[in-house]
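Chemist: This is structure_9.txt (compact mmCIF, C-alpha atoms).
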# COMPACT_ATOMS: atom_id res chain seq x y z
CA MET I 1 -76.67 62.40 -72.30
CA PRO I 2 -80.08 64.00 -71.58
CA GLU I 3 -81.76 66.01 -74.30
CA HIS I 4 -81.32 69.73 -74.06
CA HIS I 5 -84.41 71.85 -73.39
CA PHE I 6 -83.53 75.37 -74.51
CA ALA I 7 -84.46 78.86 -73.47
CA VAL I 8 -83.51 80.98 -76.50
CA LEU I 9 -82.82 84.60 -75.54
CA VAL I 10 -82.24 86.98 -78.46
CA ASP I 11 -80.76 90.47 -78.22
CA GLY I 12 -83.01 91.95 -80.92
CA GLU I 13 -81.00 95.16 -81.08
CA ASN I 14 -77.80 93.26 -81.84
CA ILE I 15 -79.02 90.62 -84.32
CA SER I 16 -80.82 91.01 -87.66
CA PRO I 17 -84.32 89.46 -87.75
CA ARG I 18 -83.52 87.73 -91.05
CA PHE I 19 -81.48 85.19 -89.07
CA LEU I 20 -84.35 84.06 -86.83
CA GLY I 21 -85.40 81.12 -89.03
CA PRO I 22 -81.89 79.64 -89.35
CA ILE I 23 -81.24 80.26 -85.63
CA LEU I 24 -84.29 78.31 -84.49
CA ALA I 25 -83.58 75.54 -87.00
CA GLU I 26 -80.01 75.24 -85.69
CA ILE I 27 -81.12 75.00 -82.05
CA ASN I 28 -83.81 72.47 -82.94
CA ARG I 29 -81.01 70.20 -84.13
CA SER I 30 -79.60 70.14 -80.59
CA GLY I 31 -82.78 69.74 -78.56
CA GLU I 32 -86.22 71.10 -77.82
CA ILE I 33 -86.94 74.82 -77.64
CA ILE I 34 -89.06 75.54 -74.55
CA LEU I 35 -89.23 79.32 -74.90
CA THR I 36 -87.95 82.02 -77.21
CA ARG I 37 -87.76 85.69 -76.25
CA VAL I 38 -86.58 88.68 -78.25
CA TYR I 39 -85.47 91.75 -76.30
CA GLY I 40 -85.46 95.34 -77.49
CA ASP I 41 -87.27 98.65 -77.51
CA TRP I 42 -90.25 97.68 -79.65
CA THR I 43 -91.32 101.33 -79.91
CA GLU I 44 -88.28 102.09 -82.09
CA PRO I 45 -88.46 101.88 -85.92
CA HIS I 46 -85.44 99.58 -86.15
CA MET I 47 -87.45 96.79 -84.47
CA GLY I 48 -89.97 96.82 -87.33
CA GLY I 49 -88.41 93.76 -88.97
CA TRP I 50 -88.89 91.76 -85.78
CA LYS I 51 -92.54 92.78 -85.51
CA GLU I 52 -93.31 91.19 -88.87
CA LEU I 53 -92.01 87.82 -87.60
CA LEU I 54 -94.20 87.67 -84.49
CA ARG I 55 -97.11 86.34 -86.53
CA SER I 56 -94.96 83.55 -87.98
CA TYR I 57 -92.84 82.28 -85.09
CA PRO I 58 -93.59 81.20 -81.50
CA VAL I 59 -91.62 84.13 -80.05
CA ARG I 60 -92.39 86.32 -77.05
CA PRO I 61 -91.36 89.98 -77.44
CA ILE I 62 -89.88 91.61 -74.33
CA GLN I 63 -90.14 95.39 -74.20
CA GLN I 64 -87.25 97.34 -72.70
CA PHE I 65 -87.07 101.10 -73.16
CA ARG I 66 -83.61 102.41 -74.00
CA TYR I 67 -83.08 104.29 -70.77
CA GLY I 68 -79.41 103.43 -70.90
CA GLN I 69 -76.81 101.97 -73.23
CA ASN I 70 -77.12 98.46 -71.74
CA ALA I 71 -80.82 98.43 -70.87
CA THR I 72 -81.61 95.51 -73.18
CA ASP I 73 -78.61 93.55 -71.88
CA GLY I 74 -79.81 93.98 -68.31
CA ALA I 75 -83.34 92.79 -69.09
CA LEU I 76 -82.07 89.67 -70.85
CA ILE I 77 -79.64 88.86 -68.04
CA MET I 78 -82.26 89.28 -65.32
CA ASP I 79 -84.70 87.04 -67.16
CA ALA I 80 -82.07 84.33 -67.60
CA ILE I 81 -81.26 84.31 -63.89
CA GLU I 82 -84.96 84.27 -63.03
CA ILE I 83 -85.56 81.27 -65.30
CA VAL I 84 -82.79 79.37 -63.55
CA SER I 85 -83.80 80.44 -60.04
CA THR I 86 -87.55 79.78 -60.24
CA ASN I 87 -87.06 76.37 -61.88
CA ARG I 88 -90.71 76.29 -62.95
CA ASN I 89 -89.97 74.74 -66.33
CA PRO I 90 -87.76 71.94 -67.72
CA VAL I 91 -85.12 74.31 -69.12
CA ASN I 92 -81.63 72.84 -68.79
CA ALA I 93 -79.93 74.77 -71.61
CA PHE I 94 -79.70 78.34 -72.85
CA CYS I 95 -78.96 79.88 -76.21
CA ILE I 96 -77.74 83.48 -76.02
CA VAL I 97 -78.10 85.13 -79.43
CA SER I 98 -75.84 88.17 -79.54
CA SER I 99 -72.38 89.27 -80.60
CA ASP I 100 -72.05 91.46 -77.50
CA SER I 101 -69.21 90.10 -75.38
CA ASP I 102 -70.79 91.66 -72.28
CA TYR I 103 -72.86 88.46 -72.00
CA TYR I 104 -69.79 86.39 -71.14
CA SER I 105 -70.44 86.76 -67.41
CA LEU I 106 -74.01 85.51 -67.86
CA ALA I 107 -72.77 82.49 -69.82
CA LEU I 108 -70.34 81.60 -67.05
CA ARG I 109 -72.98 82.06 -64.33
CA LEU I 110 -75.44 79.82 -66.19
CA ARG I 111 -72.80 77.12 -66.54
CA GLU I 112 -72.09 77.38 -62.82
CA HIS I 113 -75.75 76.47 -62.32
CA GLY I 114 -75.31 73.34 -64.45
CA MET I 115 -76.85 74.81 -67.60
CA TYR I 116 -75.60 73.98 -71.09
CA VAL I 117 -74.92 77.27 -72.89
CA ALA I 118 -74.84 77.79 -76.65
CA GLY I 119 -74.00 81.15 -78.16
CA ILE I 120 -74.85 82.47 -81.62
CA GLY I 121 -73.29 85.63 -83.02
CA ARG I 122 -71.37 87.16 -85.89
CA GLN I 123 -67.86 86.21 -86.87
CA GLY I 124 -65.54 88.54 -85.02
CA THR I 125 -67.34 88.10 -81.71
CA LYS I 126 -64.74 88.46 -78.97
CA SER I 127 -63.25 85.20 -77.76
CA LEU I 128 -64.24 86.15 -74.21
CA LEU I 129 -67.87 85.32 -75.02
CA VAL I 130 -67.06 82.49 -77.41
CA ARG I 131 -64.98 80.60 -74.85
CA SER I 132 -67.53 81.19 -72.11
CA CYS I 133 -70.09 79.03 -73.95
CA ASN I 134 -70.18 75.26 -74.31
CA ARG I 135 -70.66 75.85 -78.01
CA PHE I 136 -70.62 78.97 -80.15
CA ILE I 137 -72.12 79.15 -83.65
CA TYR I 138 -71.37 81.90 -86.16
CA LEU I 139 -74.33 83.46 -87.95
CA GLU I 140 -72.42 83.43 -91.23
CA ASN I 141 -72.36 79.62 -91.12
CA LEU I 142 -76.10 79.25 -90.59
CA ALA I 143 -76.85 80.20 -94.18
CA PHE I 144 -75.04 77.02 -95.22
CA SER I 145 -76.60 74.69 -92.69
CA GLY I 146 -79.25 73.55 -95.14
CA SER I 147 -81.93 74.52 -92.68
CA SER I 148 -85.06 76.09 -94.00
CA THR I 149 -84.88 79.85 -93.87
CA SER I 150 -88.58 80.21 -94.61
CA PRO I 151 -90.67 81.29 -91.63
CA MET I 152 -93.32 78.97 -90.24
CA ILE I 153 -96.06 80.96 -91.89
CA ASP I 154 -99.73 80.39 -91.16
CA GLU I 155 -100.00 78.25 -94.30
CA ALA I 156 -97.63 75.73 -92.63
CA SER I 157 -100.62 73.90 -91.20
CA PRO I 158 -101.28 70.42 -92.67
CA GLY I 159 -101.79 70.67 -96.41
CA GLY I 160 -100.39 74.21 -96.65
CA VAL I 161 -96.83 73.08 -97.45
CA PRO I 162 -96.02 70.22 -99.86
CA VAL I 163 -95.23 67.17 -97.77
CA GLU I 164 -92.03 66.47 -99.71
CA ASP I 165 -90.76 69.96 -98.81
CA ILE I 166 -91.49 69.25 -95.14
CA VAL I 167 -89.49 66.00 -95.32
CA LEU I 168 -86.54 67.67 -97.05
CA SER I 169 -86.51 70.58 -94.59
CA ALA I 170 -86.54 68.20 -91.62
CA TYR I 171 -83.81 66.05 -93.15
CA ASP I 172 -81.59 69.10 -93.62
CA ALA I 173 -82.11 70.04 -89.96
CA CYS I 174 -80.73 66.67 -88.76
CA ASP I 175 -77.27 65.17 -88.48
CA GLU I 176 -77.15 62.20 -90.83
CA ASP I 177 -74.31 59.67 -91.03
CA ASN I 178 -71.39 59.92 -93.45
CA ASP I 179 -73.38 58.24 -96.22
CA GLY I 180 -76.37 60.52 -95.76
CA TRP I 181 -78.67 57.96 -94.10
CA LEU I 182 -81.01 59.24 -91.38
CA LEU I 183 -83.10 57.18 -88.99
CA LEU I 184 -86.75 57.57 -89.91
CA ALA I 185 -87.59 58.06 -86.22
CA HIS I 186 -85.19 61.03 -86.06
CA LEU I 187 -86.77 62.47 -89.20
CA GLY I 188 -90.18 62.31 -87.52
CA GLN I 189 -88.87 64.10 -84.44
CA ALA I 190 -87.37 66.87 -86.58
CA ILE I 191 -90.64 67.33 -88.48
CA ARG I 192 -92.66 67.72 -85.29
CA ARG I 193 -90.23 70.28 -83.89
CA GLU I 194 -90.96 72.56 -86.83
CA TYR I 195 -94.56 71.49 -87.47
CA PRO I 196 -96.14 70.42 -84.16
CA ASP I 197 -99.45 69.73 -85.93
CA PHE I 198 -97.92 67.42 -88.54
CA ASP I 199 -99.92 64.21 -89.11
CA PRO I 200 -99.41 61.89 -92.12
CA ARG I 201 -103.18 61.34 -92.20
CA SER I 202 -103.59 64.99 -93.19
CA TYR I 203 -101.91 64.02 -96.48
CA ASN I 204 -103.85 60.75 -96.83
CA TYR I 205 -100.93 58.60 -95.67
CA THR I 206 -100.88 56.07 -92.86
CA ASN I 207 -97.43 56.95 -91.51
CA LEU I 208 -94.16 58.69 -92.34
CA LEU I 209 -92.72 55.58 -93.99
CA ASP I 210 -95.59 55.60 -96.49
CA ILE I 211 -94.85 59.25 -97.30
CA VAL I 212 -91.16 58.64 -97.98
CA ARG I 213 -91.83 55.52 -100.04
CA SER I 214 -94.37 57.36 -102.19
CA TYR I 215 -91.59 59.59 -103.62
CA PRO I 216 -89.14 57.06 -105.12
CA ASP I 217 -87.60 59.74 -107.32
CA LEU I 218 -86.79 61.91 -104.28
CA PHE I 219 -86.02 59.50 -101.44
CA GLU I 220 -84.56 56.05 -100.92
CA VAL I 221 -85.32 53.81 -97.95
CA ARG I 222 -83.51 50.88 -96.37
CA SER I 223 -84.10 48.71 -93.31
CA ASN I 224 -82.13 46.33 -91.12
CA GLU I 225 -84.43 43.46 -92.22
CA LYS I 226 -85.20 42.51 -88.65
CA THR I 227 -88.50 42.14 -86.82
CA PRO I 228 -89.61 44.78 -86.12
CA PRO I 229 -87.52 46.57 -88.76
CA VAL I 230 -85.65 49.84 -88.26
CA TYR I 231 -85.77 52.19 -91.24
CA TRP I 232 -83.37 54.80 -92.62
CA MET I 233 -83.93 57.28 -95.44
CA ARG I 234 -81.97 59.78 -97.50
CA PRO I 235 -82.67 62.06 -100.45
CA ILE I 236 -81.61 60.87 -103.87
CA VAL I 237 -78.83 63.19 -104.96
CA LYS I 238 -79.25 64.34 -108.52
CA VAL I 239 -76.08 65.47 -110.20
CA GLU I 240 -76.41 69.13 -111.10
CA GLU I 241 -74.50 70.08 -114.17
CA GLY I 242 -72.45 73.19 -113.87
CA PRO I 243 -69.13 74.60 -114.96
CA LYS I 244 -66.12 72.65 -113.73
CA LYS I 245 -63.73 74.71 -111.66
CA THR I 246 -60.31 74.29 -110.13
CA GLY I 247 -58.86 75.83 -107.00
CA VAL I 248 -57.02 75.13 -103.78
CA ILE I 249 -58.21 74.53 -100.25
CA LYS I 250 -58.20 77.83 -98.37
CA ARG I 251 -59.14 76.23 -95.05
CA PHE I 252 -61.09 73.21 -93.88
CA MET I 253 -62.75 72.66 -90.52
CA THR I 254 -64.38 69.47 -89.28
CA ASN I 255 -67.47 69.52 -91.48
CA TYR I 256 -67.01 72.36 -93.95
CA GLY I 257 -64.37 74.36 -95.73
CA PHE I 258 -63.54 77.01 -98.34
CA ILE I 259 -61.88 76.78 -101.74
CA ARG I 260 -59.89 79.68 -103.18
CA SER I 261 -60.37 80.04 -106.91
CA GLY I 262 -59.61 82.67 -109.51
CA ASN I 263 -62.97 84.41 -109.20
CA GLY I 264 -63.45 84.19 -105.43
CA ASP I 265 -63.98 81.76 -102.57
CA TYR I 266 -66.36 78.80 -102.57
CA PHE I 267 -68.01 77.19 -99.56
CA PHE I 268 -68.49 73.41 -99.36
CA THR I 269 -69.44 70.86 -96.73
CA LYS I 270 -67.98 67.46 -95.94
CA ALA I 271 -70.94 65.88 -97.72
CA ASN I 272 -69.86 67.67 -100.93
CA LEU I 273 -66.60 65.70 -100.96
CA ALA I 274 -66.25 62.42 -102.80
CA ALA I 275 -67.27 59.62 -100.43
CA ASP I 276 -63.80 58.05 -100.41
CA GLN I 277 -62.14 61.38 -99.56
CA ARG I 278 -64.26 62.53 -96.61
CA ASP I 279 -61.74 61.28 -94.06
CA VAL I 280 -58.75 62.86 -95.81
CA HIS I 281 -57.16 65.79 -93.98
CA LEU I 282 -57.41 68.69 -96.42
CA LYS I 283 -54.46 70.97 -95.88
CA PRO I 284 -54.46 74.58 -97.11
CA GLY I 285 -53.13 74.66 -100.65
CA THR I 286 -54.42 71.21 -101.63
CA PRO I 287 -55.51 71.42 -105.31
CA VAL I 288 -59.12 70.39 -105.98
CA GLU I 289 -61.65 70.21 -108.78
CA PHE I 290 -65.32 70.98 -108.17
CA THR I 291 -68.68 71.78 -109.70
CA GLU I 292 -69.92 75.33 -109.27
CA ILE I 293 -73.53 75.57 -108.09
CA LYS I 294 -73.36 79.23 -107.10
CA ALA I 295 -70.87 81.81 -108.32
CA PRO I 296 -69.20 84.17 -105.81
CA ASP I 297 -70.85 87.59 -105.46
CA PRO I 298 -68.30 90.24 -104.42
CA GLN I 299 -71.16 92.70 -103.79
CA GLY I 300 -72.93 90.47 -101.27
CA GLU I 301 -73.81 91.98 -97.90
CA SER I 302 -72.54 89.01 -95.85
CA SER I 303 -69.82 86.41 -96.26
CA ALA I 304 -72.57 83.85 -96.93
CA GLU I 305 -73.71 85.91 -99.92
CA ARG I 306 -70.21 86.78 -101.14
CA ASN I 307 -68.95 83.20 -101.21
CA GLY I 308 -69.84 80.79 -104.00
CA ARG I 309 -71.03 77.22 -103.43
CA ALA I 310 -69.24 74.07 -104.58
CA ARG I 311 -70.13 70.40 -104.75
CA ASN I 312 -68.56 67.24 -106.21
CA VAL I 313 -65.26 68.36 -104.67
CA VAL I 314 -62.40 66.02 -105.64
CA ILE I 315 -58.71 66.23 -104.80
CA ALA I 316 -56.91 66.90 -108.08
CA GLY I 317 -54.08 64.77 -109.32
As a first step, turn the structure in this file into C-alpha cells.
Modeler:
Amino acid sequence: MPEHHFAVLVDGENISPRFLGPILAEINRSGEIILTRVYGDWTEPHMGGWKELLRSYPVRPIQQFRYGQNATDGALIMDAIEIVSTNRNPVNAFCIVSSDSDYYSLALRLREHGMYVAGIGRQGTKSLLVRSCNRFIYLENLAFSGSSTSPMIDEASPGGVPVEDIVLSAYDACDEDNDGWLLLAHLGQAIRREYPDFDPRSYNYTNLLDIVRSYPDLFEVRSNEKTPPVYWMRPIVKVEEGPKKTGVIKRFMTNYGFIRSGNGDYFFTKANLAADQRDVHLKPGTPVEFTEIKAPDPQGESSAERNGRARNVVIAG
C-alpha cells in the first residue's frame, strides 16, 4: 500500500485552534503532510487564536470574507478540487477537518478521483459525513492519542528541546506492536516528520541508536541479532502509584475503552490492559480493577477533560 501524502484542509471557523497540534500529529501517523491550509475570515476577532499558531506551525492561512453563510465551505471545496485537477504535487490523500456535514459531497467526489479521505471532527458529527470518508477521527479522542499537544515552537530547532522528549513524542505518534516495541527506523521517520531539521550530531551523538542507548533508565533496546541487525525500542514503563479503583466496562472499542466508576468515567487504552488480557473481548458490565492516574473532572469543557484516566486495568475476579 503506497504511503499517503496528505493535503490537510481545516475549516477554521468550525474547529478550535487548540486541536491543531493533535490533528497534525494524528495525520503524521498515517503519512506525510504535503500542505496544510486553514480557512476563515482572518479579519474577524474569533480567528485570533489561529493567528497565534501561524508562527509555530507550517500552515497557510486562506482568507475568505463572510459574504455568505457558506463562504468558507465554498473556498475549501474549490481549493480541494483544484488540488486534484492540477495534479502539480504528490497529494494522494486529503484530511477534511470539520464537523460540518456539508462536506460529505466533497469527500465522495475526492474518493471518486482515487483520493484517500480522512475526516476529523467532533463527536456528534452527522453520519453522512462520517460514512463518506475512508476514515473519520473524533477530536475528543485525539487528547488521548499520546501525541504531543505542544506546538512546534521556534525553540524546537536542534538543542532547543531535550532529545529524550523528542524521542518520547515520536514514539507516542507511532503504532507500536502489542508489547510496545517500535522499529527504530519508524521512530526516526516519526521524528523527522515533526522535526525536519533533527540530526543526532546536534546532540553530540552518532546516530539515533546511540541516543536511545544513552538513556537506559528511559528506553530499552533489542535486536534480531542478525547481520546487519534490525533494532526495536520501547520506553521503560514505570509503575505510577495511585489509588486503586474498581468499576465496570462502560464500552470498549478496538484500541480503547471507558470504565464506569462511582465518581465518573475513566478512559483507558488497550496498552493499559494487562498483557495477557489484551485479546479478551471486554463486554459492557465486566468488572475491573485499575489504577487512577487522573480523576474525572465533571466541570471539564470537553469529554477528554471530564473523563479520568486509568492504567493497570485488570479484569476482576
Chemist: From the set I:Asn272, I:Val221, I:Leu9, I:Glu140, which residue has the shortest atom-to-atom contact distance to Ile83 of chain I, counting only C-alpha atoms?
Modeler: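 Result for the nearest residue to Ile83 of chain I: I:Leu9.
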Chemist: So that I can check the surroundings of Ala75 of chain I, please list as an MDAnalysis selection string every protein, DNA and RNA residue that reaches within 8 Å of it, counting all atoms listed in the file and ignoring chain neighbours fewer than 3 positions away.
Modeler: chainID I and resid 39 64 71:72 78:79
Chemist: Rounded to one decimal in Å, what is the spacing between atom CA of Gly124 of chain I and atom CA of Asn14 of chain I?
Modeler: 13.5 Å
Chemist: Expressed in Å to a single decimal, how great is the separation between atom CA of Ile77 of chain I and atom CA of Lys126 of chain I?
Modeler: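 Taking atom CA of Ile77 of chain I and atom CA of Lys126 of chain I, their separation equals 18.5 Å.
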Chemist: How many Å lie between atom CA of Asp217 of chain I and atom CA of Tyr266 of chain I, rounded to one decimal?
Modeler: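 Interatomic distance, atom CA of Asp217 of chain I to atom CA of Tyr266 of chain I: 28.9 Å.
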Chemist: With all atoms listed in the file as the atoms that count, which of I:Cys95, I:Ala107, I:Val59, I:Leu282 lies nearest to Phe258 of chain I?
Modeler: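 For Phe258 of chain I, the nearest of the candidates is I:Leu282.
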Chemist: Restricting the calculation to all atoms listed in the file, which member of I:Met253, I:Val212, I:Leu142, I:Leu218 is positioned closest to Val237 of chain I?
Modeler: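 For Val237 of chain I, the nearest of the given residues is I:Leu218.
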Chemist: Do you know which residues are at most 8 Å from Lys283 of chain I counting all atoms listed in the file, after dropping those on the same chain fewer than 2 positions away, and could you put them as a ChimeraX atom specification?
Modeler: /I:249,251-252,281,285-286
